[in-house]
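Undergrad: Before I ask anything, here is the structure I am working with.
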Amino acid sequence: MGEVKQLSVSAIRNGTVIDHIPADSLFSVINILGLEHITTQITFGTNLDSKKFGKKGIIKVSDIYFTEQEINKIALVAPAARLNIIRDYEVVEKHQLTIPDEIEGIVKCFNPSCVTNHEPVRTRFRIISKNPLRLKCHYCEKITDEEHLTII
Amino acid sequence: MNSLKNKSLVSINDYAPEEIELILETAERFEKSPPAGLLSGNVIAALFFEPSTRTRLSFESAVKRMGGRIIGFADAGSSSVTKGESLKDTILTVSNYCDLIVMRHSLEGSARYASEVSPVPIINAGDGANQHPTQTLLDLYSIRKTQGTLDGLNVFLVGDLKYGRTVHSLLIALSNYNTTFNFISPTELRMPDEYKLILEKKGLKYYEHDDFTDIISRADIVYMTRVQRERFSDPLEYEKVKNIYVLRNEMLENTKENLRILHPLPRVNEIETDVDDNPKAYYFEQALNGVYVRQAIIAAILDKI
């Protein structure tokens, strides 16, 4: 099986590997990190076999190292994701994600009467509970919970 | 140092307890000695994207009695909003013409957003079902004026406690003053858990009831709100409970001497008109207090206190 895995998503020399992404969150993660604007080589795979998730996604970005703040943004959609920093084909650092205390521009407010759903306003939330996830809108002060969470 | 200078008032949570105290003291001073001429030379914009007779007239009266000028519109139909202008553009344009903007808008969070884009301070006169902080401050003023204190009172909140923004904001404000709360509402319209949790965290007592005829004798303040038919999914349920939450004059017979009845108005039928002549009825004076409190807020923000 090891060989198949290597063929699916080949190794990178330098950069960042994000592993253990739930398969159905892969494209959300790509959007949140704004990978469409990156000009270095990116490879990704999804629906790969995973003991933990059944199916998982993985993203490998060459020559890019994300700040902690950037990477924590994906914690909302892929809380179990692992971040590996690669230098010269070796994993030199491993990080686990933590949900930030405030998030901007990622989640849609569930309240249809919220100003952010009618005017060109960037959404902003304070995380009032991480488990279960509960986000308080900076504008309308209503709480969006996990069940109603939509990524922009 | 006036910490309220140039500071927008969007939510009651924006004011620290000492800032609330400053507004109440200033309002008291203005009530005793009217601040005529204080706003001479000032222009205040009142942007009512959503109509509201009482709040708008109260603000207009507050400004005019201080010698200020007021510009604006009373409904979005007579503004450029109908041409599709964004809220940001309206605020940025109007801010050129005035020293302060009072706004009411149906979108929740609109006042917070306006305060972030506006170079002049914003007073929120109601953003949908979210916040209406000047109402809360005038409620506090009315309670303190009639009771001599805000501390340790037994406050009855009656009616629609689920959707009523005035009762939610008042609860938060009073939670700093060792208040005992009695919530009286139909099951469908009970006080949401998040507000009960706030009281529990502060160690304050609250009790829930579905009727208040037998317990009203304990109340210092009865704050009435309207139970609206459209809040019920089952019209039969509404018919069953609609008369329980109506205050009648005879219910006030064995109540405390200091009891006062408050209501944010407009009243429909939840307080019978024969209560109006009872000295314990206070809702029209409460509306007058709104003028003093709004004068104090405007004067504080414009640094004229």
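A note on labels: chains of the structure tokens are A, B, ... as shown, every chain counts residues from 1, and ligands are counted from 1 in their shown order.
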Given a cut-off of 10 Å, which residues of chain B touch chain A, counting only C-alpha atoms, written out as number ranges by chain?

TA: B: 10-11, 86-88, 105-113, 127-131

Undergrad: Leaving out A:Ile103 and any residue of its chain fewer than 2 positions from it, which residues lie within 12 Å of it when counting only C-alpha atoms, given as an MDAnalysis selection string?

TA: chainID A and resid 32 69:76 99:101 105:109 122:128 134:138 151

Undergrad: Find the residues near B:Asp193: any atom within 12 Å, counting only C-alpha atoms, skip ones fewer than 6 places away on the same chain, and give them as a PyMOL selection string.

TA: chain B and resi 161-162+168+199-200+206+208

Undergrad: Could you jot down the atom CA of B:Asn2 to atom CA of B:Leu22 separation for me, Å, one decimal place?

TA: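 Computing the Euclidean distance for atom CA of B:Asn2 and atom CA of B:Leu22 yields 9.2 Å.
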
Undergrad: At a cut-off of 9 Å, using only C-alpha atoms, what residues contact B:Ile297? Leave out same-chain residues fewer than 6 positions from it and give the result as an MDAnalysis selection string.

TA: chainID B and resid 4 9 23 26:27 123 134

Undergrad: Can I get the selected residues back with all heavy atoms, as a PDB file, in the first residue's frame?

TA:
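Written out: part25.pdb:
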```
ATOM      1  N   LEU B   4     -16.688  59.022  27.284  1.00  0.00           N
ATOM      2  CA  LEU B   4     -17.717  58.811  26.251  1.00  0.00           C
ATOM      3  C   LEU B   4     -17.539  59.739  25.046  1.00  0.00           C
ATOM      4  O   LEU B   4     -18.236  59.602  24.047  1.00  0.00           O
ATOM      5  CB  LEU B   4     -19.108  59.031  26.851  1.00  0.00           C
ATOM      6  CG  LEU B   4     -19.472  58.052  27.965  1.00  0.00           C
ATOM      7  CD1 LEU B   4     -20.866  58.355  28.510  1.00  0.00           C
ATOM      8  CD2 LEU B   4     -19.421  56.619  27.468  1.00  0.00           C
ATOM      9  N   LEU B   9     -22.462  54.671  20.583  1.00  0.00           N
ATOM     10  CA  LEU B   9     -23.243  53.814  21.481  1.00  0.00           C
ATOM     11  C   LEU B   9     -24.059  52.861  20.612  1.00  0.00           C
ATOM     12  O   LEU B   9     -25.057  53.259  19.999  1.00  0.00           O
ATOM     13  CB  LEU B   9     -24.165  54.659  22.366  1.00  0.00           C
ATOM     14  CG  LEU B   9     -25.185  53.873  23.214  1.00  0.00           C
ATOM     15  CD1 LEU B   9     -24.515  52.866  24.131  1.00  0.00           C
ATOM     16  CD2 LEU B   9     -26.058  54.829  24.026  1.00  0.00           C
ATOM     17  N   ILE B  23     -24.160  58.786  32.635  1.00  0.00           N
ATOM     18  CA  ILE B  23     -25.347  59.161  31.847  1.00  0.00           C
ATOM     19  C   ILE B  23     -26.541  59.422  32.773  1.00  0.00           C
ATOM     20  O   ILE B  23     -27.243  60.424  32.626  1.00  0.00           O
ATOM     21  CB  ILE B  23     -25.702  58.051  30.822  1.00  0.00           C
ATOM     22  CG1 ILE B  23     -24.610  57.903  29.761  1.00  0.00           C
ATOM     23  CG2 ILE B  23     -27.063  58.308  30.166  1.00  0.00           C
ATOM     24  CD1 ILE B  23     -24.353  59.140  28.924  1.00  0.00           C
ATOM     25  N   THR B  26     -26.049  62.700  34.621  1.00  0.00           N
ATOM     26  CA  THR B  26     -26.190  63.848  33.717  1.00  0.00           C
ATOM     27  C   THR B  26     -27.659  64.062  33.359  1.00  0.00           C
ATOM     28  O   THR B  26     -28.143  65.201  33.335  1.00  0.00           O
ATOM     29  CB  THR B  26     -25.358  63.619  32.429  1.00  0.00           C
ATOM     30  OG1 THR B  26     -24.020  63.304  32.808  1.00  0.00           O
ATOM     31  CG2 THR B  26     -25.351  64.854  31.555  1.00  0.00           C
ATOM     32  N   ALA B  27     -28.391  62.964  33.105  1.00  0.00           N
ATOM     33  CA  ALA B  27     -29.817  63.075  32.779  1.00  0.00           C
ATOM     34  C   ALA B  27     -30.578  63.720  33.945  1.00  0.00           C
ATOM     35  O   ALA B  27     -31.460  64.559  33.746  1.00  0.00           O
ATOM     36  CB  ALA B  27     -30.391  61.695  32.459  1.00  0.00           C
ATOM     37  N   ILE B 123     -25.176  56.792  17.289  1.00  0.00           N
ATOM     38  CA  ILE B 123     -26.040  56.284  18.368  1.00  0.00           C
ATOM     39  C   ILE B 123     -27.038  55.325  17.720  1.00  0.00           C
ATOM     40  O   ILE B 123     -27.752  55.705  16.785  1.00  0.00           O
ATOM     41  CB  ILE B 123     -26.786  57.416  19.101  1.00  0.00           C
ATOM     42  CG1 ILE B 123     -25.791  58.339  19.823  1.00  0.00           C
ATOM     43  CG2 ILE B 123     -27.786  56.832  20.103  1.00  0.00           C
ATOM     44  CD1 ILE B 123     -26.457  59.522  20.528  1.00  0.00           C
ATOM     45  N   THR B 134     -30.488  53.100  24.006  1.00  0.00           N
ATOM     46  CA  THR B 134     -31.028  54.292  24.678  1.00  0.00           C
ATOM     47  C   THR B 134     -32.317  53.938  25.432  1.00  0.00           C
ATOM     48  O   THR B 134     -32.624  54.541  26.452  1.00  0.00           O
ATOM     49  CB  THR B 134     -31.272  55.466  23.692  1.00  0.00           C
ATOM     50  OG1 THR B 134     -32.252  55.088  22.722  1.00  0.00           O
ATOM     51  CG2 THR B 134     -29.988  55.847  22.963  1.00  0.00           C
TER      52      THR B 134
END
```

Undergrad: Which residue, A:Thr39, A:Thr46, A:Asn84, A:Ser28, has the smallest gap to A:Gly15 when you use only C-alpha atoms?

TA: A:Asn84

Undergrad: Mind the document's chain letters and residue numbers, and return as a count of residues only the residues of stretch 5-172 of chain B that DSSP labels helix (DSSP H, G or I).

TA: 81

Undergrad: Of the residues B:Ser175, B:Ser217, B:Asn289, B:Asn278, which is the one nearest to B:Thr255, using only C-alpha atoms?

TA: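 Result for the nearest residue to B:Thr255: B:Ser217.
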
Undergrad: Write out as an MDAnalysis selection string each polymer residue whose atoms come within 10 Å of stretch 50-52 of chain A, counting only C-alpha atoms; drop sequence neighbours fewer than 2 positions from it.

TA: chainID A and resid 20 22:23 47:48 54:57 80

Undergrad: Please produce a file of those selected residues containing all heavy atoms, as a PDB file, in the first residue's frame.

TA:
```
ATOM      1  N   HIS A  20      -4.451  14.618   6.935  1.00  0.00           N
ATOM      2  CA  HIS A  20      -5.618  14.301   7.761  1.00  0.00           C
ATOM      3  C   HIS A  20      -6.744  15.318   7.635  1.00  0.00           C
ATOM      4  O   HIS A  20      -7.393  15.683   8.619  1.00  0.00           O
ATOM      5  CB  HIS A  20      -5.216  14.151   9.243  1.00  0.00           C
ATOM      6  CG  HIS A  20      -4.288  13.007   9.486  1.00  0.00           C
ATOM      7  ND1 HIS A  20      -4.637  11.707   9.293  1.00  0.00           N
ATOM      8  CD2 HIS A  20      -2.983  12.994   9.862  1.00  0.00           C
ATOM      9  CE1 HIS A  20      -3.613  10.925   9.554  1.00  0.00           C
ATOM     10  NE2 HIS A  20      -2.570  11.675   9.893  1.00  0.00           N
ATOM     11  N   PRO A  22     -10.433  15.976   6.510  1.00  0.00           N
ATOM     12  CA  PRO A  22     -11.601  15.180   6.140  1.00  0.00           C
ATOM     13  C   PRO A  22     -11.871  15.367   4.646  1.00  0.00           C
ATOM     14  O   PRO A  22     -11.825  16.499   4.145  1.00  0.00           O
ATOM     15  CB  PRO A  22     -12.736  15.784   6.970  1.00  0.00           C
ATOM     16  CG  PRO A  22     -12.057  16.499   8.089  1.00  0.00           C
ATOM     17  CD  PRO A  22     -10.728  16.950   7.570  1.00  0.00           C
ATOM     18  N   ALA A  23     -12.112  14.257   3.918  1.00  0.00           N
ATOM     19  CA  ALA A  23     -12.211  14.324   2.458  1.00  0.00           C
ATOM     20  C   ALA A  23     -13.206  15.384   1.991  1.00  0.00           C
ATOM     21  O   ALA A  23     -12.954  16.108   1.037  1.00  0.00           O
ATOM     22  CB  ALA A  23     -12.608  12.949   1.922  1.00  0.00           C
ATOM     23  N   ASN A  47     -10.111  11.677  -1.066  1.00  0.00           N
ATOM     24  CA  ASN A  47     -10.670  10.322  -1.025  1.00  0.00           C
ATOM     25  C   ASN A  47      -9.573   9.262  -0.950  1.00  0.00           C
ATOM     26  O   ASN A  47      -9.713   8.159  -1.478  1.00  0.00           O
ATOM     27  CB  ASN A  47     -11.598  10.069  -2.222  1.00  0.00           C
ATOM     28  CG  ASN A  47     -12.802  10.997  -2.179  1.00  0.00           C
ATOM     29  OD1 ASN A  47     -13.286  11.327  -1.087  1.00  0.00           O
ATOM     30  ND2 ASN A  47     -13.271  11.425  -3.327  1.00  0.00           N
ATOM     31  N   LEU A  48      -8.457   9.623  -0.312  1.00  0.00           N
ATOM     32  CA  LEU A  48      -7.388   8.639  -0.075  1.00  0.00           C
ATOM     33  C   LEU A  48      -7.785   7.808   1.147  1.00  0.00           C
ATOM     34  O   LEU A  48      -8.470   8.312   2.040  1.00  0.00           O
ATOM     35  CB  LEU A  48      -6.065   9.366   0.212  1.00  0.00           C
ATOM     36  CG  LEU A  48      -5.631  10.380  -0.852  1.00  0.00           C
ATOM     37  CD1 LEU A  48      -4.432  11.174  -0.363  1.00  0.00           C
ATOM     38  CD2 LEU A  48      -5.284   9.655  -2.158  1.00  0.00           C
ATOM     39  N   GLY A  54     -11.485   6.986   7.322  1.00  0.00           N
ATOM     40  CA  GLY A  54     -12.064   6.270   6.188  1.00  0.00           C
ATOM     41  C   GLY A  54     -11.496   6.837   4.901  1.00  0.00           C
ATOM     42  O   GLY A  54     -10.712   6.226   4.217  1.00  0.00           O
ATOM     43  N   LYS A  55     -11.883   8.097   4.624  1.00  0.00           N
ATOM     44  CA  LYS A  55     -11.322   8.799   3.467  1.00  0.00           C
ATOM     45  C   LYS A  55     -10.732  10.117   3.956  1.00  0.00           C
ATOM     46  O   LYS A  55     -11.308  10.779   4.819  1.00  0.00           O
ATOM     47  CB  LYS A  55     -12.427   9.101   2.449  1.00  0.00           C
ATOM     48  CG  LYS A  55     -13.085   7.865   1.849  1.00  0.00           C
ATOM     49  CD  LYS A  55     -12.186   7.195   0.852  1.00  0.00           C
ATOM     50  CE  LYS A  55     -12.848   5.945   0.255  1.00  0.00           C
ATOM     51  NZ  LYS A  55     -11.898   5.160  -0.547  1.00  0.00           N
ATOM     52  N   LYS A  56      -9.598  10.492   3.384  1.00  0.00           N
ATOM     53  CA  LYS A  56      -8.991  11.759   3.811  1.00  0.00           C
ATOM     54  C   LYS A  56      -8.458  12.528   2.617  1.00  0.00           C
ATOM     55  O   LYS A  56      -8.336  11.983   1.510  1.00  0.00           O
ATOM     56  CB  LYS A  56      -7.861  11.494   4.804  1.00  0.00           C
ATOM     57  CG  LYS A  56      -6.640  10.850   4.157  1.00  0.00           C
ATOM     58  CD  LYS A  56      -5.415  10.908   5.046  1.00  0.00           C
ATOM     59  CE  LYS A  56      -4.206  10.330   4.309  1.00  0.00           C
ATOM     60  NZ  LYS A  56      -2.985  10.397   5.091  1.00  0.00           N
ATOM     61  N   GLY A  57      -8.157  13.783   2.872  1.00  0.00           N
ATOM     62  CA  GLY A  57      -7.529  14.611   1.848  1.00  0.00           C
ATOM     63  C   GLY A  57      -6.153  15.037   2.319  1.00  0.00           C
ATOM     64  O   GLY A  57      -5.860  15.029   3.528  1.00  0.00           O
ATOM     65  N   ALA A  80      -8.861  18.082  12.912  1.00  0.00           N
ATOM     66  CA  ALA A  80      -7.874  17.035  13.195  1.00  0.00           C
ATOM     67  C   ALA A  80      -6.691  17.087  12.222  1.00  0.00           C
ATOM     68  O   ALA A  80      -5.819  16.218  12.259  1.00  0.00           O
ATOM     69  CB  ALA A  80      -8.550  15.670  13.125  1.00  0.00           C
TER      70      ALA A  80
END
```

Undergrad: May I have the residues within 10 Å of stretch 185-187 of chain B as a list in words, using only C-alpha atoms and disregarding those fewer than 6 positions away in the same chain?

TA: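 Everything that qualifies: Leu157, Val158, Gly159, Asp160, Leu161, Lys162, Glu208, His209, Asp210, Asp211, Phe212, Thr225, Val227, Glu237, Tyr238, Lys240, Val241, Lys242, Ile244 and Tyr245 of chain B.
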
Undergrad: Would you mind listing what lies within 9 Å of B:Thr90 as a list in words, with only C-alpha atoms counted and same-chain residues fewer than 4 positions away left out?

TA: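 The contact residues come out as Ser80, Val81, Glu85, Ser86, Val94 and Ser95 of chain B.
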
Undergrad: Measure the distance from atom CA of B:Ala300 to atom CA of B:Thr55 in Å and round it to one decimal.

TA: 18.9 Å

Undergrad: Record the distance separating atom CA of A:Asn131 and atom CA of A:Asp145, expressed in Å with one decimal.

TA: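 Pair atom CA of A:Asn131 / atom CA of A:Asp145 returns 10.1 Å.
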
Undergrad: Just the strand (DSSP E or B) stuff from stretch 22-139 of chain A, please, per backbone DSSP, written as a ChimeraX atom specification.

TA: /A:22,42-50,54-62,82-87,90-96,102-104,107-108,114,124-130,133-137

Undergrad: When distances are computed from only C-alpha atoms, which of A:Asp88, A:Asp49, A:Asp24, A:Glu68 shows the smallest separation from A:Ala11?

TA: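 Ranked by minimum distance to A:Ala11, first place goes to A:Asp88.
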